[in-house]
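data17.pdb (PDB, C-alpha atoms) appears below.
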```pdb
ATOM      1  CA  MET A   1       0.000   0.000   0.000
ATOM      2  CA  LYS A   2       1.472   3.324  -1.062
ATOM      3  CA  ILE A   3       0.985   6.011   1.542
ATOM      4  CA  ASP A   4       1.193   9.625   0.447
ATOM      5  CA  ASN A   5       2.173  11.641   3.518
ATOM      6  CA  SER A   6       1.439  15.012   1.932
ATOM      7  CA  LEU A   7      -2.292  14.295   2.207
ATOM      8  CA  PRO A   8      -4.453  13.920   5.328
ATOM      9  CA  LEU A   9      -4.534  10.329   6.553
ATOM     10  CA  GLU A  10      -8.049   9.690   5.240
ATOM     11  CA  TYR A  11      -6.879  10.415   1.675
ATOM     12  CA  SER A  12      -3.450   8.865   2.009
ATOM     13  CA  THR A  13      -3.890   5.832  -0.258
ATOM     14  CA  GLU A  14      -5.338   5.577  -3.752
ATOM     15  CA  GLU A  15      -8.073   3.324  -2.395
ATOM     16  CA  ASN A  16      -8.969   5.901   0.258
ATOM     17  CA  SER A  17      -9.299   8.694  -2.295
ATOM     18  CA  LEU A  18     -11.489   6.502  -4.468
ATOM     19  CA  LYS A  19     -13.723   5.598  -1.543
ATOM     20  CA  ILE A  20     -14.275   9.282  -0.796
ATOM     21  CA  LEU A  21     -15.050  10.023  -4.444
ATOM     22  CA  GLY A  22     -17.384   7.028  -4.526
ATOM     23  CA  PHE A  23     -19.225   8.339  -1.500
ATOM     24  CA  TRP A  24     -19.690  11.712  -3.204
ATOM     25  CA  ILE A  25     -21.310   9.871  -6.120
ATOM     26  CA  PHE A  26     -23.651   8.185  -3.646
ATOM     27  CA  LEU A  27     -24.494  11.615  -2.193
ATOM     28  CA  GLY A  28     -25.308  12.808  -5.739
ATOM     29  CA  ALA A  29     -27.876  10.008  -5.918
ATOM     30  CA  GLU A  30     -29.193  11.003  -2.482
ATOM     31  CA  ILE A  31     -29.710  14.570  -3.711
ATOM     32  CA  MET A  32     -31.912  13.140  -6.467
ATOM     33  CA  LEU A  33     -33.786  10.903  -4.009
ATOM     34  CA  PHE A  34     -34.697  13.870  -1.829
ATOM     35  CA  ALA A  35     -35.548  15.926  -4.939
ATOM     36  CA  THR A  36     -38.237  13.407  -5.905
ATOM     37  CA  LEU A  37     -39.618  13.522  -2.357
ATOM     38  CA  PHE A  38     -39.718  17.337  -2.453
ATOM     39  CA  ALA A  39     -41.361  17.270  -5.902
ATOM     40  CA  THR A  40     -44.041  14.925  -4.534
ATOM     41  CA  TYR A  41     -44.526  17.091  -1.472
ATOM     42  CA  PHE A  42     -44.896  20.319  -3.483
ATOM     43  CA  THR A  43     -47.442  18.612  -5.738
ATOM     44  CA  LEU A  44     -49.550  17.311  -2.860
ATOM     45  CA  GLU A  45     -49.104  19.997  -0.192
ATOM     46  CA  ASN A  46     -52.554  21.547  -0.802
ATOM     47  CA  ARG A  47     -54.380  18.220  -1.173
ATOM     48  CA  THR A  48     -55.373  18.101   2.463
ATOM     49  CA  GLY A  49     -58.805  16.492   2.010
ATOM     50  CA  SER A  50     -60.633  16.562   5.320
ATOM     51  CA  GLY A  51     -57.330  16.541   7.278
ATOM     52  CA  PRO A  52     -55.410  19.509   8.685
ATOM     53  CA  THR A  53     -53.236  21.833   6.596
ATOM     54  CA  GLY A  54     -49.560  22.484   7.145
ATOM     55  CA  ALA A  55     -50.237  25.871   8.728
ATOM     56  CA  GLU A  56     -52.516  24.145  11.261
ATOM     57  CA  ILE A  57     -50.083  21.468  12.428
ATOM     58  CA  PHE A  58     -46.610  23.030  12.042
ATOM     59  CA  GLN A  59     -45.159  24.556  15.190
ATOM     60  CA  ILE A  60     -42.128  26.785  15.177
ATOM     61  CA  THR A  61     -40.627  25.704  18.537
ATOM     62  CA  PRO A  62     -39.814  22.030  17.842
ATOM     63  CA  VAL A  63     -38.701  22.926  14.314
ATOM     64  CA  LEU A  64     -36.291  25.543  15.650
ATOM     65  CA  PHE A  65     -34.904  23.059  18.169
ATOM     66  CA  GLU A  66     -34.376  20.476  15.435
ATOM     67  CA  THR A  67     -32.639  23.021  13.223
ATOM     68  CA  ILE A  68     -30.272  24.260  15.935
ATOM     69  CA  LEU A  69     -29.490  20.692  17.060
ATOM     70  CA  LEU A  70     -28.658  19.514  13.562
ATOM     71  CA  LEU A  71     -26.698  22.640  12.597
ATOM     72  CA  THR A  72     -24.627  22.332  15.764
ATOM     73  CA  SER A  73     -24.050  18.613  15.212
ATOM     74  CA  SER A  74     -22.823  19.353  11.715
ATOM     75  CA  PHE A  75     -20.367  21.846  13.233
ATOM     76  CA  THR A  76     -19.138  19.403  15.881
ATOM     77  CA  VAL A  77     -18.579  16.582  13.395
ATOM     78  CA  GLY A  78     -16.535  19.079  11.350
ATOM     79  CA  LEU A  79     -14.475  19.838  14.466
ATOM     80  CA  GLY A  80     -14.107  16.096  14.991
ATOM     81  CA  ILE A  81     -12.574  15.711  11.535
ATOM     82  CA  HIS A  82     -10.285  18.673  12.218
ATOM     83  CA  ALA A  83      -9.122  17.068  15.497
ATOM     84  CA  MET A  84      -8.604  13.801  13.630
ATOM     85  CA  ARG A  85      -6.411  15.546  11.065
ATOM     86  CA  ILE A  86      -4.142  17.005  13.738
ATOM     87  CA  GLY A  87      -3.925  13.564  15.344
ATOM     88  CA  LYS A  88      -5.920  14.283  18.502
ATOM     89  CA  GLN A  89      -7.826  11.054  18.928
ATOM     90  CA  LYS A  90      -9.416  11.898  22.293
ATOM     91  CA  ALA A  91     -10.737  15.244  21.106
ATOM     92  CA  MET A  92     -12.021  13.616  17.958
ATOM     93  CA  ILE A  93     -13.928  10.957  19.890
ATOM     94  CA  SER A  94     -15.391  13.663  22.159
ATOM     95  CA  PHE A  95     -16.578  15.719  19.188
ATOM     96  CA  PHE A  96     -18.039  12.657  17.496
ATOM     97  CA  SER A  97     -19.826  11.689  20.731
ATOM     98  CA  ILE A  98     -21.295  15.201  21.065
ATOM     99  CA  THR A  99     -22.412  14.951  17.435
ATOM    100  CA  LEU A 100     -24.232  11.692  18.060
ATOM    101  CA  LEU A 101     -25.871  13.014  21.247
ATOM    102  CA  LEU A 102     -27.128  16.041  19.302
ATOM    103  CA  GLY A 103     -28.361  13.663  16.592
ATOM    104  CA  LEU A 104     -30.176  11.625  19.223
ATOM    105  CA  ALA A 105     -31.763  14.796  20.658
ATOM    106  CA  PHE A 106     -32.851  15.723  17.135
ATOM    107  CA  LEU A 107     -34.510  12.332  16.732
ATOM    108  CA  GLY A 108     -36.204  12.747  20.114
ATOM    109  CA  VAL A 109     -37.750  16.066  19.053
ATOM    110  CA  GLU A 110     -38.761  14.608  15.697
ATOM    111  CA  ILE A 111     -40.457  11.588  17.310
ATOM    112  CA  PHE A 112     -42.266  13.939  19.709
ATOM    113  CA  GLU A 113     -43.371  15.941  16.678
ATOM    114  CA  PHE A 114     -44.666  12.864  14.852
ATOM    115  CA  VAL A 115     -46.608  11.757  17.936
ATOM    116  CA  THR A 116     -48.148  15.244  18.152
ATOM    117  CA  TYR A 117     -49.162  15.095  14.472
ATOM    118  CA  VAL A 118     -50.853  11.736  14.917
ATOM    119  CA  HIS A 119     -52.682  13.041  18.019
ATOM    120  CA  GLU A 120     -53.873  16.018  16.014
ATOM    121  CA  GLY A 121     -55.326  13.673  13.420
ATOM    122  CA  ALA A 122     -52.518  13.970  10.874
ATOM    123  CA  GLY A 123     -51.432  10.348  10.437
ATOM    124  CA  ILE A 124     -49.693   9.018   7.355
ATOM    125  CA  GLN A 125     -53.020   7.912   5.817
ATOM    126  CA  THR A 126     -55.022  11.056   6.577
ATOM    127  CA  SER A 127     -54.481  12.911   3.314
ATOM    128  CA  ALA A 128     -52.150  13.183   0.327
ATOM    129  CA  PHE A 129     -50.511  16.090   2.141
ATOM    130  CA  THR A 130     -49.792  14.177   5.363
ATOM    131  CA  SER A 131     -48.541  11.140   3.396
ATOM    132  CA  ALA A 132     -46.071  13.242   1.407
ATOM    133  CA  LEU A 133     -45.053  15.195   4.518
ATOM    134  CA  LEU A 134     -44.436  12.206   6.767
ATOM    135  CA  THR A 135     -42.691  10.251   4.004
ATOM    136  CA  THR A 136     -40.275  13.134   3.369
ATOM    137  CA  LEU A 137     -39.611  13.816   7.068
ATOM    138  CA  GLY A 138     -39.473  10.095   7.799
ATOM    139  CA  THR A 139     -36.912   9.419   5.070
ATOM    140  CA  HIS A 140     -34.683  12.127   6.529
ATOM    141  CA  GLY A 141     -35.262  10.821  10.064
ATOM    142  CA  ALA A 142     -34.414   7.277   8.952
ATOM    143  CA  HIS A 143     -31.156   8.594   7.497
ATOM    144  CA  VAL A 144     -30.309  10.289  10.804
ATOM    145  CA  THR A 145     -31.110   7.067  12.691
ATOM    146  CA  LEU A 146     -28.829   5.083  10.392
ATOM    147  CA  GLY A 147     -26.164   7.772  10.795
ATOM    148  CA  PHE A 148     -26.398   7.492  14.575
ATOM    149  CA  PHE A 149     -25.529   3.789  14.556
ATOM    150  CA  TRP A 150     -22.917   4.243  11.839
ATOM    151  CA  GLY A 151     -21.217   6.959  13.912
ATOM    152  CA  LEU A 152     -21.382   4.805  17.033
ATOM    153  CA  PHE A 153     -19.530   1.963  15.302
ATOM    154  CA  ILE A 154     -16.954   4.401  13.901
ATOM    155  CA  ILE A 155     -16.227   5.642  17.446
ATOM    156  CA  LEU A 156     -15.899   2.079  18.758
ATOM    157  CA  GLN A 157     -13.547   1.107  15.948
ATOM    158  CA  ILE A 158     -11.341   4.170  16.455
ATOM    159  CA  LYS A 159     -11.152   3.433  20.176
ATOM    160  CA  LYS A 160     -10.004  -0.066  19.343
ATOM    161  CA  ARG A 161      -7.693   0.529  16.384
ATOM    162  CA  GLY A 162      -6.626   4.162  16.707
ATOM    163  CA  LEU A 163      -6.242   6.595  13.821
ATOM    164  CA  THR A 164      -5.146   4.578  10.788
ATOM    165  CA  PRO A 165      -5.613   5.263   7.059
ATOM    166  CA  GLN A 166      -8.643   2.925   7.198
ATOM    167  CA  THR A 167     -10.387   4.270  10.296
ATOM    168  CA  THR A 168      -9.827   7.940   9.407
ATOM    169  CA  ASN A 169     -11.196   7.250   5.928
ATOM    170  CA  LYS A 170     -14.344   5.737   7.417
ATOM    171  CA  ALA A 171     -14.729   8.628   9.856
ATOM    172  CA  PHE A 172     -14.310  11.189   7.076
ATOM    173  CA  ILE A 173     -16.942   9.475   4.923
ATOM    174  CA  PHE A 174     -19.287   9.399   7.904
ATOM    175  CA  SER A 175     -18.756  13.154   8.335
ATOM    176  CA  LEU A 176     -19.729  13.714   4.679
ATOM    177  CA  TYR A 177     -22.942  11.784   5.270
ATOM    178  CA  TRP A 178     -23.734  13.764   8.410
ATOM    179  CA  HIS A 179     -23.151  17.142   6.749
ATOM    180  CA  PHE A 180     -25.323  16.017   3.856
ATOM    181  CA  LEU A 181     -28.192  15.265   6.258
ATOM    182  CA  ASP A 182     -27.838  18.787   7.614
ATOM    183  CA  VAL A 183     -28.089  20.177   4.067
ATOM    184  CA  VAL A 184     -31.276  18.161   3.467
ATOM    185  CA  TRP A 185     -32.681  19.448   6.766
ATOM    186  CA  ILE A 186     -32.039  23.058   5.702
ATOM    187  CA  PHE A 187     -34.259  22.440   2.674
ATOM    188  CA  ILE A 188     -36.941  20.745   4.789
ATOM    189  CA  PHE A 189     -36.787  23.623   7.275
ATOM    190  CA  SER A 190     -37.056  26.266   4.539
ATOM    191  CA  PHE A 191     -39.414  24.749   1.982
ATOM    192  CA  ILE A 192     -41.654  22.568   4.105
ATOM    193  CA  TYR A 193     -41.885  24.272   7.494
ATOM    194  CA  LEU A 194     -41.179  27.969   6.923
ATOM    195  CA  LYS A 195     -42.982  28.002   3.563
ATOM    196  CA  GLY A 196     -45.937  26.203   5.184
ATOM    197  CA  MET A 197     -46.124  28.661   8.086
ATOM    198  CA  MET A 198     -45.511  31.799   6.022
TER     199      MET A 198
ATOM    200  CA  MET B   1      -7.584  24.133  23.045
ATOM    201  CA  SER B   2      -7.896  26.890  20.477
ATOM    202  CA  GLN B   3      -6.278  24.688  17.840
ATOM    203  CA  LEU B   4      -9.329  22.434  18.130
ATOM    204  CA  PHE B   5     -11.568  25.280  16.957
ATOM    205  CA  PRO B   6     -10.260  26.442  13.569
ATOM    206  CA  MET B   7     -11.391  29.940  12.634
ATOM    207  CA  LYS B   8     -12.788  28.833   9.281
ATOM    208  CA  GLN B   9     -15.190  26.320  10.804
ATOM    209  CA  VAL B  10     -16.246  28.581  13.683
ATOM    210  CA  LEU B  11     -17.024  31.373  11.217
ATOM    211  CA  GLY B  12     -18.842  28.866   9.010
ATOM    212  CA  PHE B  13     -21.002  27.864  11.971
ATOM    213  CA  VAL B  14     -21.732  31.475  12.984
ATOM    214  CA  PHE B  15     -22.639  32.261   9.391
ATOM    215  CA  SER B  16     -24.973  29.252   9.145
ATOM    216  CA  ILE B  17     -26.775  30.347  12.338
ATOM    217  CA  LEU B  18     -27.045  33.839  10.853
ATOM    218  CA  LEU B  19     -28.589  32.440   7.649
ATOM    219  CA  THR B  20     -31.109  30.496   9.747
ATOM    220  CA  ILE B  21     -32.083  33.692  11.583
ATOM    221  CA  ILE B  22     -32.518  35.533   8.268
ATOM    222  CA  ALA B  23     -34.694  32.680   6.969
ATOM    223  CA  LEU B  24     -36.822  32.957  10.136
ATOM    224  CA  ALA B  25     -37.776  36.494   9.078
ATOM    225  CA  VAL B  26     -40.342  34.971   6.710
ATOM    226  CA  TYR B  27     -42.116  33.538   9.755
ATOM    227  CA  PHE B  28     -41.842  36.462  12.154
ATOM    228  CA  LEU B  29     -42.316  39.349   9.720
ATOM    229  CA  ASP B  30     -45.199  40.029   7.357
ATOM    230  CA  MET B  31     -44.212  39.789   3.739
ATOM    231  CA  SER B  32     -45.569  38.704   0.386
ATOM    232  CA  PHE B  33     -45.192  35.101  -0.759
ATOM    233  CA  ALA B  34     -42.766  36.119  -3.539
ATOM    234  CA  VAL B  35     -40.443  38.031  -1.198
ATOM    235  CA  GLY B  36     -40.564  35.213   1.363
ATOM    236  CA  MET B  37     -39.737  32.534  -1.204
ATOM    237  CA  THR B  38     -36.866  34.615  -2.574
ATOM    238  CA  ILE B  39     -35.379  34.927   0.930
ATOM    239  CA  LEU B  40     -35.768  31.185   1.542
ATOM    240  CA  LEU B  41     -34.233  30.211  -1.807
ATOM    241  CA  VAL B  42     -31.241  32.495  -1.284
ATOM    242  CA  THR B  43     -30.566  31.479   2.343
ATOM    243  CA  ALA B  44     -31.064  27.731   1.699
ATOM    244  CA  PHE B  45     -28.716  27.578  -1.279
ATOM    245  CA  ILE B  46     -26.016  29.705   0.398
ATOM    246  CA  GLN B  47     -26.317  27.453   3.436
ATOM    247  CA  ALA B  48     -25.928  24.319   1.288
ATOM    248  CA  GLY B  49     -22.890  25.804  -0.483
ATOM    249  CA  LEU B  50     -21.361  26.717   2.869
ATOM    250  CA  GLN B  51     -21.668  23.140   4.150
ATOM    251  CA  LEU B  52     -20.187  21.806   0.935
ATOM    252  CA  VAL B  53     -17.108  24.020   0.880
ATOM    253  CA  VAL B  54     -16.348  24.731   4.556
ATOM    254  CA  PHE B  55     -17.406  21.503   6.252
ATOM    255  CA  MET B  56     -17.292  18.836   3.559
ATOM    256  CA  HIS B  57     -13.908  19.926   2.180
ATOM    257  CA  ALA B  58     -15.240  19.454  -1.366
ATOM    258  CA  GLY B  59     -12.410  21.330  -3.102
ATOM    259  CA  GLU B  60      -9.444  19.969  -1.204
ATOM    260  CA  THR B  61      -7.851  17.259  -3.321
ATOM    261  CA  LYS B  62      -7.122  16.325  -6.909
ATOM    262  CA  ASP B  63     -10.613  14.813  -7.137
ATOM    263  CA  LYS B  64     -12.058  18.302  -6.805
ATOM    264  CA  GLY B  65     -13.183  18.412 -10.460
ATOM    265  CA  ALA B  66     -14.935  15.056 -10.295
ATOM    266  CA  ILE B  67     -16.581  15.881  -6.957
ATOM    267  CA  TYR B  68     -17.964  19.231  -8.113
ATOM    268  CA  THR B  69     -19.085  17.801 -11.472
ATOM    269  CA  ASN B  70     -20.934  15.048  -9.653
ATOM    270  CA  VAL B  71     -22.566  17.425  -7.149
ATOM    271  CA  PHE B  72     -23.681  19.780  -9.909
ATOM    272  CA  TYR B  73     -24.992  16.845 -11.933
ATOM    273  CA  GLY B  74     -27.038  15.703  -8.912
ATOM    274  CA  LEU B  75     -28.209  19.264  -8.344
ATOM    275  CA  ILE B  76     -29.280  19.770 -11.973
ATOM    276  CA  ILE B  77     -31.273  16.524 -11.957
ATOM    277  CA  ALA B  78     -32.804  17.600  -8.624
ATOM    278  CA  LEU B  79     -33.806  21.041  -9.944
ATOM    279  CA  VAL B  80     -35.218  19.586 -13.189
ATOM    280  CA  THR B  81     -37.203  17.037 -11.147
ATOM    281  CA  VAL B  82     -38.608  19.634  -8.745
ATOM    282  CA  PHE B  83     -39.303  22.451 -11.220
ATOM    283  CA  GLY B  84     -40.449  20.053 -13.955
ATOM    284  CA  THR B  85     -42.973  18.597 -11.517
ATOM    285  CA  LEU B  86     -44.083  22.064 -10.401
ATOM    286  CA  LEU B  87     -44.537  23.146 -14.047
ATOM    287  CA  ALA B  88     -46.604  20.136 -15.003
ATOM    288  CA  MET B  89     -48.529  19.435 -11.798
ATOM    289  CA  VAL B  90     -48.897  22.695  -9.904
ATOM    290  CA  TRP B  91     -48.477  25.695 -12.187
ATOM    291  CA  ASP B  92     -50.501  23.997 -14.978
ATOM    292  CA  MET B  93     -48.405  25.129 -17.907
TER     293      MET B  93
END
```

If you took the structure in this file and wrote it as structure tokens, what would it be?
Amino acid sequence: MKIDNSLPLEYSTEENSLKILGFWIFLGAEIMLFATLFATYFTLENRTGSGPTGAEIFQITPVLFETILLLTSSFTVGLGIHAMRIGKQKAMISFFSITLLLGLAFLGVEIFEFVTYVHEGAGIQTSAFTSALLTTLGTHGAHVTLGFFWGLFIILQIKKRGLTPQTTNKAFIFSLYWHFLDVVWIFIFSFIYLKGMM
Amino acid sequence: MSQLFPMKQVLGFVFSILLTIIALAVYFLDMSFAVGMTILLVTAFIQAGLQLVVFMHAGETKDKGAIYTNVFYGLIIALVTVFGTLLAMVWDM
């Protein structure tokens, strides 16, 4: 294995660089996946039938909490990668742990929100609007849930094996995924919630 | 300690919070739908670009060209999907 020391550890081998590029291609496909969900949502957002409208069920407080939690977690995972690059394993693990706790808090607020919707009579089968809404939010939430477990295993592996070209590569790819989820949330926040409450 | 908080990322975070606050104006202030949507479109896309460049290190290595081409390809397909759907299904053109 040829190691190029001029690059950060996570890029240091040809295979590592290719894995990162490959993950970007996957993220390109994810952009398209969320685009189809948004297209569906925009088409159906006024088809509320006898169910509630967005303006009736959206609440600014939980949405703001979710936004701040996810934005901050995106920042902390970025700090984690920075710590990893300067070789500070402990700091990196701390930042990654904070990231996952923020992610967990985000999921908690989102679950609370879903329960509230169902109590208010906005279940997934209520109307075309609620179906599109909960499918879009749920797909994002499922990604965050997956990311939580992925991040957990990354932390465990780094604790066990230390910072190697392999583990740093995995951690970097995880950070790309996490930032991407934050980007998707920004669009949900802007074009589902804020647009719906405007 | 301070080496753990690089200026670039801290500023990126402050700026992303700022963009969120600007976007919130459409909720707290009275404005027309067109003005509100313009604000949201501008803040959301700047925010996405910020994440891409500051936090995701998109332009850092020799794969820069391939990474940006791929992201723009994904973005173009996404925009065609969303606006194509809006044109056909919502705006009735």

Could you tell me, as a VMD selection string, exactly which residues end up selected when the PyMOL selection byres ((chain A) within 7 of (chain B)) is applied to this structure? chain A and resid 21 24 to 25 28 to 29 31 to 32 35 to 36 38 to 39 43 75 78 to 79 83 176 179 183 186 to 187 190 194 197 to 198

Residues as selected, C-alpha atoms, written as a short mmCIF file (atom, residue, chain, number, x, y, z; two decimals), in the coordinates of the input, can you do that?
```cif
data_model
loop_
_atom_site.label_atom_id
_atom_site.label_comp_id
_atom_site.auth_asym_id
_atom_site.auth_seq_id
_atom_site.Cartn_x
_atom_site.Cartn_y
_atom_site.Cartn_z
CA LEU A 21 -15.05 10.02 -4.44
CA TRP A 24 -19.69 11.71 -3.20
CA ILE A 25 -21.31 9.87 -6.12
CA GLY A 28 -25.31 12.81 -5.74
CA ALA A 29 -27.88 10.01 -5.92
CA ILE A 31 -29.71 14.57 -3.71
CA MET A 32 -31.91 13.14 -6.47
CA ALA A 35 -35.55 15.93 -4.94
CA THR A 36 -38.24 13.41 -5.90
CA PHE A 38 -39.72 17.34 -2.45
CA ALA A 39 -41.36 17.27 -5.90
CA THR A 43 -47.44 18.61 -5.74
CA PHE A 75 -20.37 21.85 13.23
CA GLY A 78 -16.54 19.08 11.35
CA LEU A 79 -14.48 19.84 14.47
CA ALA A 83 -9.12 17.07 15.50
CA LEU A 176 -19.73 13.71 4.68
CA HIS A 179 -23.15 17.14 6.75
CA VAL A 183 -28.09 20.18 4.07
CA ILE A 186 -32.04 23.06 5.70
CA PHE A 187 -34.26 22.44 2.67
CA SER A 190 -37.06 26.27 4.54
CA LEU A 194 -41.18 27.97 6.92
CA MET A 197 -46.12 28.66 8.09
CA MET A 198 -45.51 31.80 6.02
#
```

Extract, using only C-alpha atoms, all DNA, RNA and protein residues at most 12 Å from segment 153-157 of chain A, discarding same-chain residues fewer than 3 positions from it, and format them as JSON, numbers by chain. {"A": [77, 80, 84, 89, 90, 91, 92, 93, 94, 95, 96, 97, 98, 99, 100, 146, 147, 148, 149, 150, 160, 161, 162, 163, 164, 166, 167, 168, 169, 170, 171, 172, 173, 174, 175]}

Selection from above, C-alpha atoms, as an mmCIF file, in the coordinates of the input, can you write it?
```cif
data_model
loop_
_atom_site.group_PDB
_atom_site.id
_atom_site.type_symbol
_atom_site.label_atom_id
_atom_site.label_comp_id
_atom_site.auth_asym_id
_atom_site.auth_seq_id
_atom_site.Cartn_x
_atom_site.Cartn_y
_atom_site.Cartn_z
ATOM 1 C CA VAL A 77 -18.579 16.582 13.395
ATOM 2 C CA GLY A 80 -14.107 16.096 14.991
ATOM 3 C CA MET A 84 -8.604 13.801 13.630
ATOM 4 C CA GLN A 89 -7.826 11.054 18.928
ATOM 5 C CA LYS A 90 -9.416 11.898 22.293
ATOM 6 C CA ALA A 91 -10.737 15.244 21.106
ATOM 7 C CA MET A 92 -12.021 13.616 17.958
ATOM 8 C CA ILE A 93 -13.928 10.957 19.890
ATOM 9 C CA SER A 94 -15.391 13.663 22.159
ATOM 10 C CA PHE A 95 -16.578 15.719 19.188
ATOM 11 C CA PHE A 96 -18.039 12.657 17.496
ATOM 12 C CA SER A 97 -19.826 11.689 20.731
ATOM 13 C CA ILE A 98 -21.295 15.201 21.065
ATOM 14 C CA THR A 99 -22.412 14.951 17.435
ATOM 15 C CA LEU A 100 -24.232 11.692 18.060
ATOM 16 C CA LEU A 146 -28.829 5.083 10.392
ATOM 17 C CA GLY A 147 -26.164 7.772 10.795
ATOM 18 C CA PHE A 148 -26.398 7.492 14.575
ATOM 19 C CA PHE A 149 -25.529 3.789 14.556
ATOM 20 C CA TRP A 150 -22.917 4.243 11.839
ATOM 21 C CA LYS A 160 -10.004 -0.066 19.343
ATOM 22 C CA ARG A 161 -7.693 0.529 16.384
ATOM 23 C CA GLY A 162 -6.626 4.162 16.707
ATOM 24 C CA LEU A 163 -6.242 6.595 13.821
ATOM 25 C CA THR A 164 -5.146 4.578 10.788
ATOM 26 C CA GLN A 166 -8.643 2.925 7.198
ATOM 27 C CA THR A 167 -10.387 4.270 10.296
ATOM 28 C CA THR A 168 -9.827 7.940 9.407
ATOM 29 C CA ASN A 169 -11.196 7.250 5.928
ATOM 30 C CA LYS A 170 -14.344 5.737 7.417
ATOM 31 C CA ALA A 171 -14.729 8.628 9.856
ATOM 32 C CA PHE A 172 -14.310 11.189 7.076
ATOM 33 C CA ILE A 173 -16.942 9.475 4.923
ATOM 34 C CA PHE A 174 -19.287 9.399 7.904
ATOM 35 C CA SER A 175 -18.756 13.154 8.335
#
```

Just the number, please: distance in Å from atom CA of Val184 of chain A to atom CA of Ile81 of chain A, one decimal.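 Going from atom CA of Val184 of chain A over to atom CA of Ile81 of chain A, I get 20.5 Å.
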
Could you please give me, as a VMD selection string, the residues of protein, DNA or RNA lying at most 10 Å from (-44.6, 22.5, 14.8) in the coordinate frame of the file, considering all atoms listed in the file? chain A and resid 54 to 64 110 113 to 114 116 to 117 193 197

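One finds atom CA of Thr139 of chain A at 17.3 Å from atom CA of Ala105 of chain A.
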
Evaluate the PyMOL selection byres ((chain A and resi 10) around 6) against this structure - the residues, as a list of chain:residue names, please.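 Applied to this file, the PyMOL selection byres ((chain A and resi 10) around 6) returns A:Pro8, A:Leu9, A:Tyr11, A:Ser12, A:Pro165, A:Thr168, A:Asn169.
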
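Separating atom CA of Lys19 of chain A from atom CA of Tyr177 of chain A is a distance of 13.0 Å.
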
Applying the PyMOL selection byres ((chain A and resi 133) around 9) to the file I just gave you, which residues come out? Please list them as a PyMOL selection string. chain A and resi 37+41+44-45+54+124+128-132+134-138+192

Between B:Phe15, B:Asp92, B:Ile21, B:Ser2, which is the closest to Phe189 of chain A once you count only C-alpha atoms?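 Of B:Phe15, B:Asp92, B:Ile21, B:Ser2, the one nearest Phe189 of chain A, counting only C-alpha atoms, is B:Ile21.
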